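Text of model_13.pdb, listed as PDB, C-alpha atoms and all ligand atoms:
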ATOM      1  CA  MET A   1      14.242 -43.054  -8.006
ATOM      2  CA  SER A   2      10.564 -43.171  -7.226
ATOM      3  CA  PRO A   3       9.910 -39.829  -5.560
ATOM      4  CA  ARG A   4       6.314 -40.537  -4.579
ATOM      5  CA  SER A   5       6.880 -43.649  -2.485
ATOM      6  CA  ALA A   6       4.751 -42.668   0.510
ATOM      7  CA  ARG A   7       2.562 -39.753  -0.518
ATOM      8  CA  GLY A   8       1.722 -40.734  -4.107
ATOM      9  CA  ALA A   9       1.581 -38.415  -7.108
ATOM     10  CA  PHE A  10      -0.908 -35.559  -7.186
ATOM     11  CA  ASP A  11      -4.287 -36.201  -8.721
ATOM     12  CA  LEU A  12      -4.549 -33.121 -10.948
ATOM     13  CA  SER A  13      -7.973 -33.941 -12.397
ATOM     14  CA  GLU A  14      -9.605 -30.962 -10.654
ATOM     15  CA  GLY A  15      -7.274 -28.545 -12.438
ATOM     16  CA  ILE A  16      -6.459 -25.495 -10.354
ATOM     17  CA  HIS A  17      -8.800 -26.785  -7.646
ATOM     18  CA  SER A  18      -6.675 -29.932  -7.194
ATOM     19  CA  THR A  19      -5.635 -30.603  -3.609
ATOM     20  CA  THR A  20      -3.565 -33.140  -1.728
ATOM     21  CA  GLU A  21      -4.144 -34.558   1.749
ATOM     22  CA  ILE A  22      -1.512 -33.331   4.210
ATOM     23  CA  ARG A  23      -3.167 -34.600   7.405
ATOM     24  CA  PRO A  24      -6.093 -36.941   7.862
ATOM     25  CA  GLY A  25      -9.071 -34.955   6.619
ATOM     26  CA  LEU A  26      -7.095 -31.849   5.651
ATOM     27  CA  ARG A  27      -6.418 -31.066   2.006
ATOM     28  CA  MET A  28      -3.993 -28.463   0.708
ATOM     29  CA  PRO A  29      -4.176 -26.848  -2.753
ATOM     30  CA  VAL A  30      -1.359 -27.960  -5.067
ATOM     31  CA  LEU A  31      -0.584 -24.381  -6.169
ATOM     32  CA  GLY A  32      -0.329 -21.159  -4.206
ATOM     33  CA  LEU A  33       0.497 -17.482  -4.489
ATOM     34  CA  GLY A  34       3.561 -16.277  -2.582
ATOM     35  CA  VAL A  35       3.629 -12.689  -1.336
ATOM     36  CA  TRP A  36       7.198 -12.181  -0.165
ATOM     37  CA  GLN A  37       8.406  -8.775  -1.400
ATOM     38  CA  THR A  38       4.911  -7.893  -2.509
ATOM     39  CA  PRO A  39       4.613  -4.429  -0.983
ATOM     40  CA  ALA A  40       2.276  -4.162   2.013
ATOM     41  CA  GLY A  41      -1.009  -2.363   1.408
ATOM     42  CA  ILE A  42      -2.965  -2.258  -1.797
ATOM     43  CA  ALA A  43      -0.329  -4.153  -3.842
ATOM     44  CA  THR A  44      -0.700  -7.248  -1.667
ATOM     45  CA  GLU A  45      -4.478  -6.946  -1.568
ATOM     46  CA  GLU A  46      -4.622  -6.673  -5.348
ATOM     47  CA  ALA A  47      -2.243  -9.606  -5.885
ATOM     48  CA  VAL A  48      -4.355 -11.825  -3.601
ATOM     49  CA  ARG A  49      -7.562 -10.674  -5.283
ATOM     50  CA  ALA A  50      -6.100 -11.416  -8.722
ATOM     51  CA  ALA A  51      -4.998 -14.844  -7.517
ATOM     52  CA  LEU A  52      -8.435 -15.688  -6.119
ATOM     53  CA  ARG A  53     -10.012 -14.600  -9.428
ATOM     54  CA  SER A  54      -7.615 -16.937 -11.269
ATOM     55  CA  GLY A  55      -8.646 -19.827  -9.018
ATOM     56  CA  TYR A  56      -5.781 -19.951  -6.506
ATOM     57  CA  ARG A  57      -6.938 -20.978  -3.047
ATOM     58  CA  LEU A  58      -3.582 -21.121  -1.219
ATOM     59  CA  ILE A  59      -1.876 -17.900  -0.124
ATOM     60  CA  ASP A  60       1.609 -18.015   1.405
ATOM     61  CA  THR A  61       2.603 -15.153   3.692
ATOM     62  CA  ALA A  62       4.776 -14.776   6.810
ATOM     63  CA  ALA A  63       5.096 -12.464   9.780
ATOM     64  CA  MET A  64       8.424 -11.339   8.307
ATOM     65  CA  TYR A  65       6.801 -10.228   5.017
ATOM     66  CA  GLY A  66       4.882  -7.449   6.790
ATOM     67  CA  ASN A  67       1.725  -7.996   4.744
ATOM     68  CA  GLU A  68      -0.409 -10.435   6.753
ATOM     69  CA  SER A  69      -3.049  -7.732   7.398
ATOM     70  CA  ASP A  70      -3.347  -7.069   3.673
ATOM     71  CA  VAL A  71      -3.700 -10.783   2.917
ATOM     72  CA  GLY A  72      -6.369 -10.920   5.647
ATOM     73  CA  ARG A  73      -8.254  -7.958   4.225
ATOM     74  CA  ALA A  74      -8.221  -9.425   0.709
ATOM     75  CA  ILE A  75      -9.565 -12.792   1.831
ATOM     76  CA  ARG A  76     -12.210 -11.237   4.093
ATOM     77  CA  HIS A  77     -13.501  -9.065   1.259
ATOM     78  CA  SER A  78     -13.478 -11.895  -1.277
ATOM     79  CA  SER A  79     -16.565 -13.865  -2.202
ATOM     80  CA  VAL A  80     -14.649 -17.139  -1.822
ATOM     81  CA  PRO A  81     -15.856 -18.896   1.344
ATOM     82  CA  ARG A  82     -13.207 -19.032   4.067
ATOM     83  CA  GLU A  83     -13.349 -22.829   4.201
ATOM     84  CA  GLU A  84     -12.213 -22.998   0.564
ATOM     85  CA  LEU A  85      -9.145 -20.888   1.302
ATOM     86  CA  PHE A  86      -5.855 -22.141   2.646
ATOM     87  CA  VAL A  87      -3.723 -19.543   4.412
ATOM     88  CA  THR A  88      -0.136 -20.217   5.403
ATOM     89  CA  THR A  89       1.930 -17.974   7.629
ATOM     90  CA  LYS A  90       5.248 -18.413   9.392
ATOM     91  CA  LEU A  91       6.978 -17.917  12.715
ATOM     92  CA  TRP A  92       9.918 -15.518  12.332
ATOM     93  CA  ASN A  93      13.326 -16.282  13.853
ATOM     94  CA  ASP A  94      13.232 -13.538  16.509
ATOM     95  CA  ASP A  95      10.076 -15.017  17.996
ATOM     96  CA  GLN A  96      11.282 -18.595  18.271
ATOM     97  CA  GLY A  97      11.034 -20.515  21.538
ATOM     98  CA  TYR A  98       7.914 -21.847  23.265
ATOM     99  CA  GLU A  99       6.386 -18.656  24.698
ATOM    100  CA  GLY A 100       7.628 -16.509  21.821
ATOM    101  CA  ALA A 101       6.044 -18.799  19.246
ATOM    102  CA  LEU A 102       2.671 -18.868  20.996
ATOM    103  CA  ALA A 103       2.611 -15.071  21.245
ATOM    104  CA  ALA A 104       3.811 -14.592  17.645
ATOM    105  CA  PHE A 105       1.121 -16.961  16.389
ATOM    106  CA  GLU A 106      -1.576 -14.881  18.073
ATOM    107  CA  ARG A 107      -0.185 -11.694  16.525
ATOM    108  CA  SER A 108      -0.200 -13.318  13.066
ATOM    109  CA  ARG A 109      -3.698 -14.690  13.561
ATOM    110  CA  SER A 110      -4.953 -11.295  14.630
ATOM    111  CA  ARG A 111      -3.291  -9.496  11.694
ATOM    112  CA  LEU A 112      -4.785 -12.048   9.308
ATOM    113  CA  GLY A 113      -8.160 -11.684  11.018
ATOM    114  CA  VAL A 114      -8.853 -15.421  10.893
ATOM    115  CA  SER A 115      -9.980 -17.775  13.634
ATOM    116  CA  THR A 116      -7.709 -20.581  12.437
ATOM    117  CA  VAL A 117      -4.540 -20.576  10.374
ATOM    118  CA  ASP A 118      -4.513 -23.441   7.881
ATOM    119  CA  LEU A 119      -0.766 -23.998   8.014
ATOM    120  CA  TYR A 120       1.755 -22.489  10.430
ATOM    121  CA  LEU A 121       5.430 -22.992   9.630
ATOM    122  CA  ILE A 122       8.696 -22.491  11.486
ATOM    123  CA  HIS A 123      10.354 -20.138   8.986
ATOM    124  CA  TRP A 124      13.988 -21.163   9.592
ATOM    125  CA  PRO A 125      15.603 -23.882  11.768
ATOM    126  CA  VAL A 126      17.029 -21.573  14.457
ATOM    127  CA  PRO A 127      19.560 -23.569  16.510
ATOM    128  CA  GLY A 128      18.722 -24.152  20.160
ATOM    129  CA  LYS A 129      15.213 -22.771  19.752
ATOM    130  CA  ARG A 130      13.443 -24.716  17.053
ATOM    131  CA  GLU A 131      12.584 -27.693  19.286
ATOM    132  CA  GLU A 132      10.744 -25.433  21.736
ATOM    133  CA  SER A 133       9.094 -23.601  18.844
ATOM    134  CA  TRP A 134       7.904 -26.947  17.535
ATOM    135  CA  ARG A 135       6.456 -27.829  20.946
ATOM    136  CA  ALA A 136       4.427 -24.609  20.764
ATOM    137  CA  LEU A 137       3.263 -25.413  17.233
ATOM    138  CA  THR A 138       2.145 -28.900  18.247
ATOM    139  CA  GLN A 139       0.075 -27.282  21.000
ATOM    140  CA  LEU A 140      -1.457 -24.840  18.496
ATOM    141  CA  GLN A 141      -2.431 -27.781  16.329
ATOM    142  CA  GLN A 142      -3.851 -29.772  19.252
ATOM    143  CA  GLU A 143      -5.956 -26.795  20.259
ATOM    144  CA  GLY A 144      -7.197 -26.368  16.685
ATOM    145  CA  ARG A 145      -5.748 -22.882  16.331
ATOM    146  CA  ALA A 146      -3.584 -24.126  13.431
ATOM    147  CA  ARG A 147      -5.098 -26.827  11.239
ATOM    148  CA  ALA A 148      -1.664 -28.064  10.204
ATOM    149  CA  ILE A 149       1.886 -27.266  11.239
ATOM    150  CA  GLY A 150       5.151 -27.609   9.426
ATOM    151  CA  VAL A 151       8.620 -26.272   8.859
ATOM    152  CA  SER A 152      10.579 -24.339   6.274
ATOM    153  CA  ASN A 153      14.210 -24.509   5.235
ATOM    154  CA  PHE A 154      14.694 -27.802   7.071
ATOM    155  CA  THR A 155      17.317 -30.188   5.691
ATOM    156  CA  ILE A 156      17.177 -33.959   6.224
ATOM    157  CA  ALA A 157      19.461 -33.513   9.250
ATOM    158  CA  HIS A 158      17.096 -30.926  10.772
ATOM    159  CA  LEU A 159      14.087 -33.182  10.137
ATOM    160  CA  GLU A 160      15.817 -36.183  11.675
ATOM    161  CA  ALA A 161      16.817 -34.182  14.749
ATOM    162  CA  LEU A 162      13.211 -33.022  15.138
ATOM    163  CA  ALA A 163      11.939 -36.592  14.842
ATOM    164  CA  ARG A 164      14.186 -37.557  17.759
ATOM    165  CA  VAL A 165      12.484 -35.080  20.103
ATOM    166  CA  SER A 166       8.886 -35.024  18.848
ATOM    167  CA  GLU A 167       6.396 -37.628  17.726
ATOM    168  CA  VAL A 168       4.620 -35.036  15.605
ATOM    169  CA  THR A 169       5.859 -35.034  12.007
ATOM    170  CA  PRO A 170       5.711 -31.718  10.116
ATOM    171  CA  ALA A 171       2.921 -31.854   7.528
ATOM    172  CA  VAL A 172       4.924 -29.675   5.151
ATOM    173  CA  ASN A 173       8.519 -28.630   4.554
ATOM    174  CA  GLN A 174       8.766 -25.440   2.462
ATOM    175  CA  VAL A 175      12.183 -25.141   0.817
ATOM    176  CA  GLU A 176      13.847 -23.512  -2.130
ATOM    177  CA  PHE A 177      13.306 -25.881  -5.037
ATOM    178  CA  SER A 178      13.625 -25.458  -8.796
ATOM    179  CA  PRO A 179      15.183 -27.313 -11.733
ATOM    180  CA  PHE A 180      18.391 -25.433 -10.890
ATOM    181  CA  LEU A 181      18.153 -26.647  -7.280
ATOM    182  CA  PHE A 182      16.602 -30.088  -7.702
ATOM    183  CA  GLN A 183      16.769 -31.413  -4.152
ATOM    184  CA  ALA A 184      16.035 -35.030  -5.090
ATOM    185  CA  GLU A 185      17.312 -36.536  -1.856
ATOM    186  CA  LEU A 186      15.268 -34.190   0.321
ATOM    187  CA  LEU A 187      12.215 -34.821  -1.871
ATOM    188  CA  GLU A 188      12.616 -38.569  -1.505
ATOM    189  CA  TYR A 189      13.092 -38.253   2.271
ATOM    190  CA  CYS A 190      10.004 -36.078   2.664
ATOM    191  CA  CYS A 191       7.913 -38.379   0.471
ATOM    192  CA  SER A 192       8.891 -41.453   2.410
ATOM    193  CA  HIS A 193       8.177 -39.741   5.754
ATOM    194  CA  GLY A 194       4.787 -38.350   4.768
ATOM    195  CA  ILE A 195       5.991 -34.741   4.608
ATOM    196  CA  GLN A 196       4.639 -32.627   1.763
ATOM    197  CA  LEU A 197       7.400 -30.649   0.029
ATOM    198  CA  GLU A 198       6.527 -27.089  -1.005
ATOM    199  CA  ALA A 199       8.705 -25.112  -3.453
ATOM    200  CA  TYR A 200       9.656 -21.507  -2.778
ATOM    201  CA  SER A 201      11.394 -19.377  -5.390
ATOM    202  CA  PRO A 202      10.077 -21.946  -7.895
ATOM    203  CA  LEU A 203      10.717 -19.517 -10.762
ATOM    204  CA  VAL A 204      14.266 -18.792  -9.568
ATOM    205  CA  ARG A 205      12.901 -15.253  -9.144
ATOM    206  CA  GLY A 206      12.586 -15.022 -12.923
ATOM    207  CA  ARG A 207      16.347 -15.151 -13.396
ATOM    208  CA  ARG A 208      16.766 -18.407 -15.339
ATOM    209  CA  LEU A 209      13.551 -18.621 -17.337
ATOM    210  CA  ASP A 210      15.533 -17.861 -20.506
ATOM    211  CA  HIS A 211      17.405 -21.176 -20.286
ATOM    212  CA  PRO A 212      17.317 -22.889 -23.726
ATOM    213  CA  VAL A 213      16.117 -26.260 -22.352
ATOM    214  CA  ILE A 214      13.150 -24.550 -20.712
ATOM    215  CA  GLY A 215      12.555 -22.442 -23.809
ATOM    216  CA  ALA A 216      12.473 -25.518 -26.059
ATOM    217  CA  LEU A 217       9.962 -27.297 -23.802
ATOM    218  CA  ALA A 218       7.828 -24.174 -23.620
ATOM    219  CA  ALA A 219       7.788 -23.908 -27.418
ATOM    220  CA  ALA A 220       7.004 -27.625 -27.792
ATOM    221  CA  HIS A 221       3.955 -27.364 -25.510
ATOM    222  CA  GLY A 222       2.824 -23.872 -26.499
ATOM    223  CA  LYS A 223       3.304 -22.747 -22.892
ATOM    224  CA  SER A 224       5.519 -20.144 -21.207
ATOM    225  CA  PRO A 225       8.856 -20.960 -19.522
ATOM    226  CA  ALA A 226       7.292 -20.209 -16.121
ATOM    227  CA  GLN A 227       4.455 -22.662 -16.810
ATOM    228  CA  VAL A 228       6.923 -25.412 -17.768
ATOM    229  CA  VAL A 229       8.911 -24.975 -14.563
ATOM    230  CA  LEU A 230       5.800 -24.904 -12.352
ATOM    231  CA  ARG A 231       4.372 -27.978 -14.095
ATOM    232  CA  TRP A 232       7.662 -29.768 -13.350
ATOM    233  CA  ASP A 233       6.994 -29.139  -9.637
ATOM    234  CA  LEU A 234       3.473 -30.539  -9.837
ATOM    235  CA  GLN A 235       4.660 -33.679 -11.640
ATOM    236  CA  HIS A 236       7.215 -34.213  -8.876
ATOM    237  CA  GLY A 237       4.404 -33.942  -6.327
ATOM    238  CA  VAL A 238       5.735 -30.619  -5.052
ATOM    239  CA  ILE A 239       3.518 -27.578  -4.344
ATOM    240  CA  PRO A 240       4.890 -24.384  -5.978
ATOM    241  CA  ILE A 241       4.040 -20.933  -4.587
ATOM    242  CA  PRO A 242       5.167 -18.492  -7.310
ATOM    243  CA  LYS A 243       5.067 -14.792  -6.463
ATOM    244  CA  SER A 244       3.932 -12.069  -8.808
ATOM    245  CA  THR A 245       2.309  -8.677  -8.398
ATOM    246  CA  ARG A 246       1.083  -8.637 -11.996
ATOM    247  CA  PRO A 247      -2.409 -10.056 -12.641
ATOM    248  CA  GLU A 248      -1.465 -11.365 -16.087
ATOM    249  CA  ARG A 249       1.490 -13.318 -14.653
ATOM    250  CA  ILE A 250      -0.561 -14.529 -11.682
ATOM    251  CA  GLN A 251      -3.000 -15.961 -14.199
ATOM    252  CA  GLU A 252      -0.240 -17.347 -16.430
ATOM    253  CA  ASN A 253       1.293 -19.121 -13.421
ATOM    254  CA  SER A 254      -2.044 -20.839 -12.732
ATOM    255  CA  GLN A 255      -2.530 -22.305 -16.206
ATOM    256  CA  LEU A 256      -0.653 -25.523 -15.579
ATOM    257  CA  PHE A 257      -3.321 -28.149 -15.949
ATOM    258  CA  ASP A 258      -3.788 -28.524 -19.718
ATOM    259  CA  PHE A 259      -0.453 -30.109 -20.623
ATOM    260  CA  GLU A 260       1.890 -32.784 -19.361
ATOM    261  CA  LEU A 261       5.660 -33.183 -19.490
ATOM    262  CA  GLY A 262       6.869 -36.570 -20.674
ATOM    263  CA  PRO A 263       9.478 -38.640 -18.784
ATOM    264  CA  SER A 264      12.363 -37.450 -20.973
ATOM    265  CA  GLU A 265      11.222 -33.838 -20.601
ATOM    266  CA  MET A 266      11.076 -34.209 -16.807
ATOM    267  CA  ALA A 267      14.554 -35.755 -16.899
ATOM    268  CA  ALA A 268      15.865 -32.858 -19.019
ATOM    269  CA  LEU A 269      14.613 -30.391 -16.399
ATOM    270  CA  ASP A 270      15.985 -32.531 -13.538
ATOM    271  CA  GLY A 271      19.328 -32.362 -15.349
ATOM    272  CA  LEU A 272      19.502 -28.565 -14.988
ATOM    273  CA  ASP A 273      20.390 -28.915 -11.305
ATOM    274  CA  GLU A 274      23.448 -26.864 -10.403
ATOM    275  CA  GLY A 275      22.752 -26.244  -6.727
ATOM    276  CA  LEU A 276      21.758 -22.658  -7.504
ATOM    277  CA  ARG A 277      20.260 -20.838  -4.521
ATOM    278  CA  MET A 278      18.482 -17.521  -4.267
ATOM    279  CA  ALA A 279      18.243 -17.750  -0.457
ATOM    280  CA  TRP A 280      20.639 -18.795   2.317
ATOM    281  CA  ASP A 281      21.740 -22.403   2.395
ATOM    282  CA  PRO A 282      20.091 -23.961   5.485
ATOM    283  CA  SER A 283      22.622 -26.809   5.541
ATOM    284  CA  GLU A 284      24.989 -24.263   7.095
ATOM    285  CA  ILE A 285      22.667 -24.096  10.118
ATOM    286  CA  GLY A 286      23.533 -26.700  12.753
TER     287      GLY A 286
HETATM  288  N1  LIG B   1      10.187 -20.013   3.422
HETATM  289  C1  LIG B   1      11.097 -19.184   2.968
HETATM  290  O1  LIG B   1      12.182 -18.988   3.562
HETATM  291  C2  LIG B   1      10.830 -18.454   1.680
HETATM  292  C3  LIG B   1      11.879 -17.787   1.015
HETATM  293  C4  LIG B   1      11.585 -17.137  -0.188
HETATM  294  C5  LIG B   1      10.301 -17.186  -0.698
HETATM  295  N2  LIG B   1       9.290 -17.835  -0.021
HETATM  296  C6  LIG B   1       7.906 -17.884  -0.543
HETATM  297  O2  LIG B   1       7.915 -18.331  -1.884
HETATM  298  C7  LIG B   1       7.298 -17.360  -2.728
HETATM  299  C8  LIG B   1       7.912 -17.374  -4.116
HETATM  300  O3  LIG B   1       9.315 -17.221  -4.075
HETATM  301  P1  LIG B   1      10.071 -15.905  -4.577
HETATM  302  O4  LIG B   1       9.168 -14.727  -4.453
HETATM  303  O5  LIG B   1      11.383 -15.881  -3.891
HETATM  304  O6  LIG B   1      10.416 -16.186  -6.095
HETATM  305  P2  LIG B   1       9.673 -16.726  -7.438
HETATM  306  O7  LIG B   1       8.254 -16.989  -7.205
HETATM  307  O8  LIG B   1      10.556 -17.786  -7.979
HETATM  308  O9  LIG B   1       9.853 -15.492  -8.416
HETATM  309  C9  LIG B   1       9.219 -14.268  -8.255
HETATM  310  C10 LIG B   1       9.795 -13.326  -9.316
HETATM  311  O10 LIG B   1       9.492 -13.829 -10.616
HETATM  312  C11 LIG B   1       8.741 -12.873 -11.341
HETATM  313  N3  LIG B   1       7.695 -13.623 -12.080
HETATM  314  C12 LIG B   1       6.542 -14.130 -11.583
HETATM  315  N4  LIG B   1       5.849 -14.780 -12.530
HETATM  316  C13 LIG B   1       6.576 -14.678 -13.676
HETATM  317  C14 LIG B   1       6.366 -15.136 -14.991
HETATM  318  N5  LIG B   1       5.284 -15.839 -15.315
HETATM  319  N6  LIG B   1       7.317 -14.859 -15.919
HETATM  320  C15 LIG B   1       8.428 -14.152 -15.587
HETATM  321  N7  LIG B   1       8.680 -13.682 -14.346
HETATM  322  C16 LIG B   1       7.761 -13.949 -13.389
HETATM  323  C17 LIG B   1       8.175 -11.910 -10.318
HETATM  324  O11 LIG B   1       8.075 -10.593 -10.813
HETATM  325  P3  LIG B   1       6.671  -9.752 -10.784
HETATM  326  O12 LIG B   1       6.185  -9.727  -9.364
HETATM  327  O13 LIG B   1       7.091  -8.419 -11.304
HETATM  328  O14 LIG B   1       5.743 -10.488 -11.705
HETATM  329  C18 LIG B   1       9.235 -11.947  -9.217
HETATM  330  O15 LIG B   1      10.288 -11.046  -9.522
HETATM  331  C19 LIG B   1       7.503 -16.057  -1.943
HETATM  332  O16 LIG B   1       6.668 -15.017  -2.387
HETATM  333  C20 LIG B   1       7.230 -16.521  -0.541
HETATM  334  O17 LIG B   1       5.830 -16.647  -0.318
HETATM  335  C21 LIG B   1       9.553 -18.477   1.144
END
Structure rendered as structure tokens:
Amino acid sequence: MSPRSARGAFDLSEGIHSTTEIRPGLRMPVLGLGVWQTPAGIATEEAVRAALRSGYRLIDTAAMYGNESDVGRAIRHSSVPREELFVTTKLWNDDQGYEGALAAFERSRSRLGVSTVDLYLIHWPVPGKREESWRALTQLQQEGRARAIGVSNFTIAHLEALARVSEVTPAVNQVEFSPFLFQAELLEYCCSHGIQLEAYSPLVRGRRLDHPVIGALAAAHGKSPAQVVLRWDLQHGVIPIPKSTRPERIQENSQLFDFELGPSEMAALDGLDEGLRMAWDPSEIG
């Protein structure tokens, strides 16, 4: 399988500042910090600050996480120019529908304290509502309020259904993705349709980093298990958004650009797939 048929592999020559084009003229960092379950308040602010110090430029939050204001405060008080930052937030299920999505976007934008959101995602494919939510997101993009729009937890069936009712293709699909949930078919589909895949729970929430295959690769490269798994994402052309509240781990998770996994090492990690999920399975959603 050639997973990069339409989008091409990442150019990682800029290290942590590497980006990939997700829309004409719009580039997205290839690594981000996730802040789900990072407590609102100072913990989120400090995690974002630590990430910016380590060179991250993409921050992934959501209305549902309850910490958009803290992300906003951290980026406003940082010395990194706004145009270098890439802020993603998401439309929660209760707010789906055309009017609901427009209103929810404005609440998120105001909590973040930004004039434009870089990427706005439909968090989950809520049946009967997601098409109208998408219509609202396309309007937000047309009006320049969101620089890019996308989806999360969409399967191939959800993406195909969306393509039947809208000419606007999501720039990004954020899904659970790890060596233990290697969604090769979805990756191939997204690549060939110009949709950037983004990996949530890329570290399997820390629960499988002691796997011997990962441990052996980490030892061979003098890297940590987390770094091996995140590098695997990058070499598949997938953007990982690991979460941590600890500055030393935030930094560790960013040091991915000074080693490379060989083809047999990538295949060994691909082979760990067991369909393991930390979150709900969206294929159950019609
Ligand atoms: N779209 C969606 O539906 C959806 C769903 C889930 C998540 N997400 C996004 O994806 C992000 C990441 O996913 P996630 O938070 O579920 O899981 P994750 O990033 O796979 O794992 C986070 C867990 O791993 C630990 N950890 C972090 N770095 C580590 C390291 N180097 N070594 C060992 N353990 C480490 C963290 O603990 P410490 O904090 O104590 O370091 C935390 O418990 C979220 O924050 C969120 O932004 C999106």
Within 6 Å of ligand LIG 1 (chain B): each chain A residue with its shortest pair, only C-alpha atoms and all ligand atoms, as a Markdown table:
| residue | atom | partner | partner_atom | distance |
| --- | --- | --- | --- | --- |
| A:Gly34 | CA | B:LIG1 | O17 | 3.2 |
| A:Val35 | CA | B:LIG1 | O16 | 4.0 |
| A:Trp36 | CA | B:LIG1 | O16 | 3.6 |
| A:Asp60 | CA | B:LIG1 | O17 | 4.8 |
| A:Thr61 | CA | B:LIG1 | O17 | 5.4 |
| A:His123 | CA | B:LIG1 | N1 | 5.6 |
| A:Ser152 | CA | B:LIG1 | N1 | 5.2 |
| A:Gln174 | CA | B:LIG1 | N1 | 5.7 |
| A:Tyr200 | CA | B:LIG1 | O2 | 3.7 |
| A:Ser201 | CA | B:LIG1 | O8 | 3.2 |
| A:Pro202 | CA | B:LIG1 | O8 | 4.2 |
| A:Leu203 | CA | B:LIG1 | O8 | 3.3 |
| A:Val204 | CA | B:LIG1 | O8 | 4.2 |
| A:Arg205 | CA | B:LIG1 | O9 | 3.1 |
| A:Gly206 | CA | B:LIG1 | O10 | 4.0 |
| A:Ala226 | CA | B:LIG1 | N5 | 4.9 |
| A:Ile241 | CA | B:LIG1 | C7 | 5.2 |
| A:Pro242 | CA | B:LIG1 | O7 | 3.4 |
| A:Lys243 | CA | B:LIG1 | O7 | 3.9 |
| A:Ser244 | CA | B:LIG1 | O12 | 3.3 |
| A:Thr245 | CA | B:LIG1 | O12 | 4.1 |
| A:Arg246 | CA | B:LIG1 | O14 | 5.0 |
| A:Arg249 | CA | B:LIG1 | N5 | 4.6 |
| A:Glu252 | CA | B:LIG1 | N5 | 5.8 |
| A:Asn253 | CA | B:LIG1 | N5 | 5.5 |
Write the residues you've just listed into a file as a short mmCIF file (atom, residue, chain, number, x, y, z; two decimals), in the frame of the given file, and include C-alpha atoms for each of them.
data_model
loop_
_atom_site.label_atom_id
_atom_site.label_comp_id
_atom_site.auth_asym_id
_atom_site.auth_seq_id
_atom_site.Cartn_x
_atom_site.Cartn_y
_atom_site.Cartn_z
CA GLY A 34 3.56 -16.28 -2.58
CA VAL A 35 3.63 -12.69 -1.34
CA TRP A 36 7.20 -12.18 -0.16
CA ASP A 60 1.61 -18.02 1.40
CA THR A 61 2.60 -15.15 3.69
CA HIS A 123 10.35 -20.14 8.99
CA SER A 152 10.58 -24.34 6.27
CA GLN A 174 8.77 -25.44 2.46
CA TYR A 200 9.66 -21.51 -2.78
CA SER A 201 11.39 -19.38 -5.39
CA PRO A 202 10.08 -21.95 -7.90
CA LEU A 203 10.72 -19.52 -10.76
CA VAL A 204 14.27 -18.79 -9.57
CA ARG A 205 12.90 -15.25 -9.14
CA GLY A 206 12.59 -15.02 -12.92
CA ALA A 226 7.29 -20.21 -16.12
CA ILE A 241 4.04 -20.93 -4.59
CA PRO A 242 5.17 -18.49 -7.31
CA LYS A 243 5.07 -14.79 -6.46
CA SER A 244 3.93 -12.07 -8.81
CA THR A 245 2.31 -8.68 -8.40
CA ARG A 246 1.08 -8.64 -12.00
CA ARG A 249 1.49 -13.32 -14.65
CA GLU A 252 -0.24 -17.35 -16.43
CA ASN A 253 1.29 -19.12 -13.42
#
Pairwise distance for CA of Val117 in chain A and CA of Pro81 in chain A, rounded to one decimal in Å: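 Here the two named atoms are 14.6 Å from each other.
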Pick from A:Ile285, A:Leu102, A:Leu261, A:Leu58 nearest to Lys223 in chain A, counting only C-alpha atoms: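 For Lys223 in chain A, the nearest of the candidates is A:Leu261.
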For Glu131 in chain A, the nearest of the candidates A:Gly97, A:Pro29, A:Pro24, A:Gly41, counting only C-alpha atoms: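 Looking only at the distances to Glu131 in chain A, the closest residue turns out to be A:Gly97.
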Hits from the PyMOL selection byres (((chain A and resi 182) around 9) and not hetatm), listed as an mmCIF file with C-alpha atoms, keeping the file's coordinate frame:
data_model
loop_
_atom_site.group_PDB
_atom_site.id
_atom_site.type_symbol
_atom_site.label_atom_id
_atom_site.label_comp_id
_atom_site.auth_asym_id
_atom_site.auth_seq_id
_atom_site.Cartn_x
_atom_site.Cartn_y
_atom_site.Cartn_z
ATOM 1 C CA PHE A 177 13.306 -25.881 -5.037
ATOM 2 C CA SER A 178 13.625 -25.458 -8.796
ATOM 3 C CA PRO A 179 15.183 -27.313 -11.733
ATOM 4 C CA PHE A 180 18.391 -25.433 -10.890
ATOM 5 C CA LEU A 181 18.153 -26.647 -7.280
ATOM 6 C CA GLN A 183 16.769 -31.413 -4.152
ATOM 7 C CA ALA A 184 16.035 -35.030 -5.090
ATOM 8 C CA GLU A 185 17.312 -36.536 -1.856
ATOM 9 C CA LEU A 187 12.215 -34.821 -1.871
ATOM 10 C CA LEU A 269 14.613 -30.391 -16.399
ATOM 11 C CA ASP A 270 15.985 -32.531 -13.538
ATOM 12 C CA GLY A 271 19.328 -32.362 -15.349
ATOM 13 C CA LEU A 272 19.502 -28.565 -14.988
ATOM 14 C CA ASP A 273 20.390 -28.915 -11.305
ATOM 15 C CA GLU A 274 23.448 -26.864 -10.403
ATOM 16 C CA GLY A 275 22.752 -26.244 -6.727
#
Point-to-point distance from CA of Gln251 in chain A to CA of Leu12 in chain A, Å rounded to tenths: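 Going from CA of Gln251 in chain A over to CA of Leu12 in chain A covers 17.5 Å.
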